[in-house]
$ cat start_18.cif   # mmCIF, C-alpha atoms
data_final
#
loop_
_atom_site.group_PDB
_atom_site.id
_atom_site.type_symbol
_atom_site.label_atom_id
_atom_site.label_comp_id
_atom_site.auth_asym_id
_atom_site.auth_seq_id
_atom_site.Cartn_x
_atom_site.Cartn_y
_atom_site.Cartn_z
ATOM 1 C CA MET X 1 -49.042 -54.961 36.620
ATOM 2 C CA GLU X 2 -46.703 -57.161 34.610
ATOM 3 C CA ARG X 3 -44.376 -55.768 31.992
ATOM 4 C CA ALA X 4 -45.310 -56.378 28.387
ATOM 5 C CA SER X 5 -42.018 -58.194 27.719
ATOM 6 C CA LYS X 6 -42.848 -60.823 30.364
ATOM 7 C CA LEU X 7 -46.290 -61.356 28.892
ATOM 8 C CA ILE X 8 -44.890 -61.681 25.376
ATOM 9 C CA GLN X 9 -42.278 -64.139 26.597
ATOM 10 C CA ARG X 10 -44.957 -66.330 28.219
ATOM 11 C CA LEU X 11 -47.042 -66.415 25.048
ATOM 12 C CA ARG X 12 -44.533 -68.771 23.393
ATOM 13 C CA LEU X 13 -45.396 -67.535 19.943
ATOM 14 C CA PRO X 14 -44.363 -69.836 17.089
ATOM 15 C CA GLY X 15 -41.136 -69.094 15.303
ATOM 16 C CA GLU X 16 -39.656 -66.913 18.048
ATOM 17 C CA THR X 17 -41.436 -63.746 16.963
ATOM 18 C CA ILE X 18 -39.346 -61.650 19.354
ATOM 19 C CA THR X 19 -35.864 -62.879 20.178
ATOM 20 C CA GLY X 20 -34.105 -62.532 23.511
ATOM 21 C CA GLU X 21 -31.630 -60.198 21.845
ATOM 22 C CA GLU X 22 -34.391 -57.873 20.676
ATOM 23 C CA LEU X 23 -35.941 -57.884 24.145
ATOM 24 C CA ALA X 24 -32.624 -57.164 25.845
ATOM 25 C CA CYS X 25 -31.629 -54.404 23.447
ATOM 26 C CA SER X 26 -35.004 -52.710 23.672
ATOM 27 C CA ALA X 27 -35.063 -52.913 27.479
ATOM 28 C CA TRP X 28 -31.521 -51.531 27.861
ATOM 29 C CA ALA X 29 -32.395 -47.824 28.085
ATOM 30 C CA ASP X 30 -35.187 -48.461 30.566
ATOM 31 C CA SER X 31 -32.934 -50.699 32.687
ATOM 32 C CA VAL X 32 -30.035 -48.259 33.018
ATOM 33 C CA GLY X 33 -31.782 -44.906 32.951
ATOM 34 C CA LYS X 34 -31.659 -41.887 30.682
ATOM 35 C CA LYS X 35 -28.188 -40.585 31.642
ATOM 36 C CA ILE X 36 -26.376 -43.895 31.081
ATOM 37 C CA ALA X 37 -28.400 -44.659 27.959
ATOM 38 C CA GLU X 38 -27.121 -41.415 26.387
ATOM 39 C CA HIS X 39 -23.544 -42.736 26.598
ATOM 40 C CA THR X 40 -24.137 -46.407 25.779
ATOM 41 C CA ARG X 41 -25.915 -48.662 23.308
ATOM 42 C CA ALA X 42 -26.889 -52.314 23.620
ATOM 43 C CA ALA X 43 -25.459 -53.744 20.406
ATOM 44 C CA ARG X 44 -26.085 -57.494 20.312
ATOM 45 C CA MET X 45 -26.158 -60.732 22.280
ATOM 46 C CA VAL X 46 -23.695 -63.588 22.203
ATOM 47 C CA ARG X 47 -25.449 -66.520 23.862
ATOM 48 C CA THR X 48 -26.565 -64.957 27.156
ATOM 49 C CA ARG X 49 -24.008 -62.124 27.188
ATOM 50 C CA LEU X 50 -25.209 -58.671 26.174
ATOM 51 C CA ILE X 51 -22.557 -56.645 24.337
ATOM 52 C CA VAL X 52 -22.862 -52.958 25.214
ATOM 53 C CA GLU X 53 -21.030 -50.216 23.331
ATOM 54 C CA VAL X 54 -19.695 -47.370 25.503
ATOM 55 C CA GLU X 55 -18.063 -44.120 24.471
ATOM 56 C CA ASP X 56 -14.873 -44.261 26.558
ATOM 57 C CA ARG X 57 -12.851 -46.130 29.171
ATOM 58 C CA ILE X 58 -14.346 -44.107 32.027
ATOM 59 C CA TRP X 59 -17.858 -45.262 31.175
ATOM 60 C CA GLN X 60 -16.575 -48.804 30.716
ATOM 61 C CA ARG X 61 -15.093 -48.884 34.232
ATOM 62 C CA GLN X 62 -18.090 -47.252 35.889
ATOM 63 C CA LEU X 63 -20.585 -49.588 34.247
ATOM 64 C CA PHE X 64 -18.504 -52.650 35.068
ATOM 65 C CA GLY X 65 -18.964 -51.743 38.736
ATOM 66 C CA LEU X 66 -22.729 -51.480 38.211
ATOM 67 C CA SER X 67 -23.033 -54.778 36.298
ATOM 68 C CA ARG X 68 -24.925 -56.695 38.979
ATOM 69 C CA GLN X 69 -27.462 -53.940 39.464
ATOM 70 C CA ILE X 70 -27.954 -53.575 35.712
ATOM 71 C CA LEU X 71 -28.389 -57.358 35.329
ATOM 72 C CA ALA X 72 -31.012 -57.325 38.094
ATOM 73 C CA ASN X 73 -32.850 -54.474 36.356
ATOM 74 C CA LEU X 74 -32.764 -56.338 33.035
ATOM 75 C CA ALA X 75 -34.024 -59.548 34.633
ATOM 76 C CA GLU X 76 -36.856 -57.612 36.246
ATOM 77 C CA ARG X 77 -37.892 -56.125 32.917
ATOM 78 C CA ILE X 78 -37.424 -59.015 30.469
ATOM 79 C CA GLY X 79 -37.309 -62.046 32.742
ATOM 80 C CA PRO X 80 -34.504 -64.153 34.201
ATOM 81 C CA GLY X 81 -32.173 -66.268 32.093
ATOM 82 C CA ILE X 82 -32.137 -64.106 28.980
ATOM 83 C CA VAL X 83 -29.116 -61.961 29.947
ATOM 84 C CA ASP X 84 -26.621 -63.522 32.364
ATOM 85 C CA ASP X 85 -23.572 -61.348 31.672
ATOM 86 C CA LEU X 86 -22.622 -57.925 30.324
ATOM 87 C CA GLU X 87 -19.602 -56.944 28.258
ATOM 88 C CA PHE X 88 -18.751 -53.273 27.808
ATOM 89 C CA ARG X 89 -16.782 -52.399 24.687
ATOM 90 C CA ILE X 90 -15.324 -49.050 23.780
ATOM 91 C CA MET X 91 -16.361 -48.119 20.285
ATOM 92 C CA PRO X 92 -13.849 -46.078 18.231
ATOM 93 C CA TRP X 93 -16.547 -44.081 16.448
ATOM 94 C CA GLN X 94 -17.996 -43.135 19.835
ATOM 95 C CA ALA X 95 -14.600 -41.855 20.998
ATOM 96 C CA GLU X 96 -14.366 -39.588 17.944
ATOM 97 C CA VAL X 97 -17.820 -38.150 18.598
ATOM 98 C CA VAL X 98 -16.931 -37.514 22.243
ATOM 99 C CA ALA X 99 -13.626 -35.882 21.295
ATOM 100 C CA VAL X 100 -15.471 -33.465 19.028
ATOM 101 C CA ALA X 101 -18.141 -32.778 21.654
ATOM 102 C CA ARG X 102 -15.637 -32.004 24.400
ATOM 103 C CA LYS X 103 -14.273 -28.493 24.249
ATOM 104 C CA GLU X 104 -10.746 -27.358 24.835
ATOM 105 C CA PRO X 105 -10.158 -25.688 28.198
ATOM 106 C CA GLN X 106 -10.839 -21.993 28.000
ATOM 107 C CA ARG X 107 -7.921 -19.719 28.633
ATOM 108 C CA ALA X 108 -8.062 -16.171 29.930
ATOM 109 C CA GLU X 109 -7.534 -13.600 27.194
ATOM 110 C CA HIS X 110 -5.724 -11.228 29.517
ATOM 111 C CA ALA X 111 -3.630 -12.186 32.474
ATOM 112 C CA ALA X 112 -5.012 -10.876 35.740
ATOM 113 C CA PRO X 113 -2.609 -8.447 37.392
ATOM 114 C CA ALA X 114 -0.831 -9.936 40.361
ATOM 115 C CA VAL X 115 -2.030 -8.410 43.600
ATOM 116 C CA THR X 116 0.790 -7.936 46.066
ATOM 117 C CA ASP X 117 -1.464 -6.855 48.930
ATOM 118 C CA GLU X 118 -4.717 -8.708 49.450
ATOM 119 C CA ALA X 119 -6.180 -5.635 51.114
ATOM 120 C CA GLU X 120 -6.261 -3.947 47.692
ATOM 121 C CA LEU X 121 -9.037 -6.376 46.693
ATOM 122 C CA ILE X 122 -11.379 -4.711 49.228
ATOM 123 C CA ALA X 123 -13.420 -2.164 47.298
ATOM 124 C CA ASP X 124 -14.623 -0.067 50.240
ATOM 125 C CA PRO X 125 -11.783 2.336 51.276
ATOM 126 C CA VAL X 126 -12.901 2.496 54.943
ATOM 127 C CA LEU X 127 -13.028 -1.284 55.297
ATOM 128 C CA ARG X 128 -9.692 -1.565 53.485
ATOM 129 C CA HIS X 129 -8.109 0.868 55.977
ATOM 130 C CA LEU X 130 -9.619 -1.011 58.960
ATOM 131 C CA TYR X 131 -8.382 -4.312 57.591
ATOM 132 C CA LYS X 132 -4.832 -2.992 57.137
ATOM 133 C CA ALA X 133 -4.822 -1.507 60.644
ATOM 134 C CA SER X 134 -6.044 -4.743 62.262
ATOM 135 C CA ARG X 135 -3.553 -6.797 60.292
ATOM 136 C CA GLN X 136 -0.764 -4.480 61.405
ATOM 137 C CA ARG X 137 -1.819 -4.788 65.098
ATOM 138 C CA ALA X 138 -1.998 -8.591 64.834
ATOM 139 C CA GLY X 139 1.490 -8.748 63.345
ATOM 140 C CA ALA X 140 3.060 -6.491 66.017
#
$ encode --input "start_18.cif" --output "structure tokens"
Amino acid sequence: MERASKLIQRLRLPGETITGEELACSAWADSVGKKIAEHTRAARMVRTRLIVEVEDRIWQRQLFGLSRQILANLAERIGPGIVDDLEFRIMPWQAEVVAVARKEPQRAEHAAPAVTDEAELIADPVLRHLYKASRQRAGA
């Protein structure tokens, strides 16, 4: 079964009812998957290059490595020749949202007491005694 975008593209409706940019932007989430779509947004097209907004440099680098696969997925969904290149841009407003969403590392409220003998961590007194005895024999 053919995708609706391919059928619409073949119709050649007068006045370019649906532009290539609209097709590409609407097919973005389906082409990259739910997880990537949560961290990115297809913004606009410049000629045949799709400009994609990402939330940080890490996403930018990872998606750059996946560019060919993403382009193949887009071509499969909307047809070849509409999107020939991808550009990933870090958006400042996205970085602020991510900074708020990320939490500070949690710190322990009380410092754990330093254990000088690891055998003291064994709760069972009989096993603790056996462990100490075997350790003593191995060291002798």
$ residues_around --input "start_18.cif" --residues "Ile51 of chain X" --least-positions-apart "2" --cutoff "9 Å" --atoms "all atoms listed in the file" --output "list in words"
Arg41, Ala42, Ala43, Arg44, Met45, Val46, Arg49, Glu53, Asp85, Leu86, Glu87, Phe88 and Arg89 of chain X
$ resolve_selection --input "start_18.cif" --expression "the PyMOL selection byres ((chain X and resi 26) around 12)" --output "PyMOL selection string"
chain X and resi 4-5+18-25+27-32+37+41-44+50+74+77-78
$ closest_residue --input "start_18.cif" --among "X:Ile82, X:Ile90, X:Ile36, X:Ile122" --to "Glu55 of chain X" --atoms "all atoms listed in the file"
X:Ile90
$ closest_residue --input "start_18.cif" --among "X:Arg107, X:Arg57, X:Arg47, X:His39" --to "Asp84 of chain X" --atoms "all atoms listed in the file"
X:Arg47
$ closest_residue --input "start_18.cif" --among "X:Val54, X:Thr48, X:Asp117, X:Phe64" --to "Lys132 of chain X" --atoms "all atoms listed in the file"
X:Asp117
$ closest_residue --input "start_18.cif" --among "X:Gln60, X:Ser67, X:Thr17, X:Gln136" --to "Val83 of chain X" --atoms "only C-alpha atoms"
X:Ser67
$ closest_residue --input "start_18.cif" --among "X:Leu63, X:Ala119, X:Ala108, X:Ala72" --to "Arg135 of chain X" --atoms "all atoms listed in the file"
X:Ala119
$ atom_distance --input "start_18.cif" --atom1 "atom CA of Gly79 of chain X" --atom2 "atom CA of Met91 of chain X"
28.1 Å
$ axis_aligned_box --input "start_18.cif" --around "segment 78-94 of chain X" --padding-each-side "4 Å" --output "JSON"
{"center_x": -25.6, "center_y": -54.7, "center_z": 25.3, "size_x": 31.6, "size_y": 31.1, "size_z": 25.8}
$ atom_distance --input "start_18.cif" --atom1 "atom CA of Gly33 of chain X" --atom2 "atom CA of Asn73 of chain X"
10.2 Å
$ atom_distance --input "start_18.cif" --atom1 "atom CA of Ile70 of chain X" --atom2 "atom CA of Glu38 of chain X"
15.3 Å
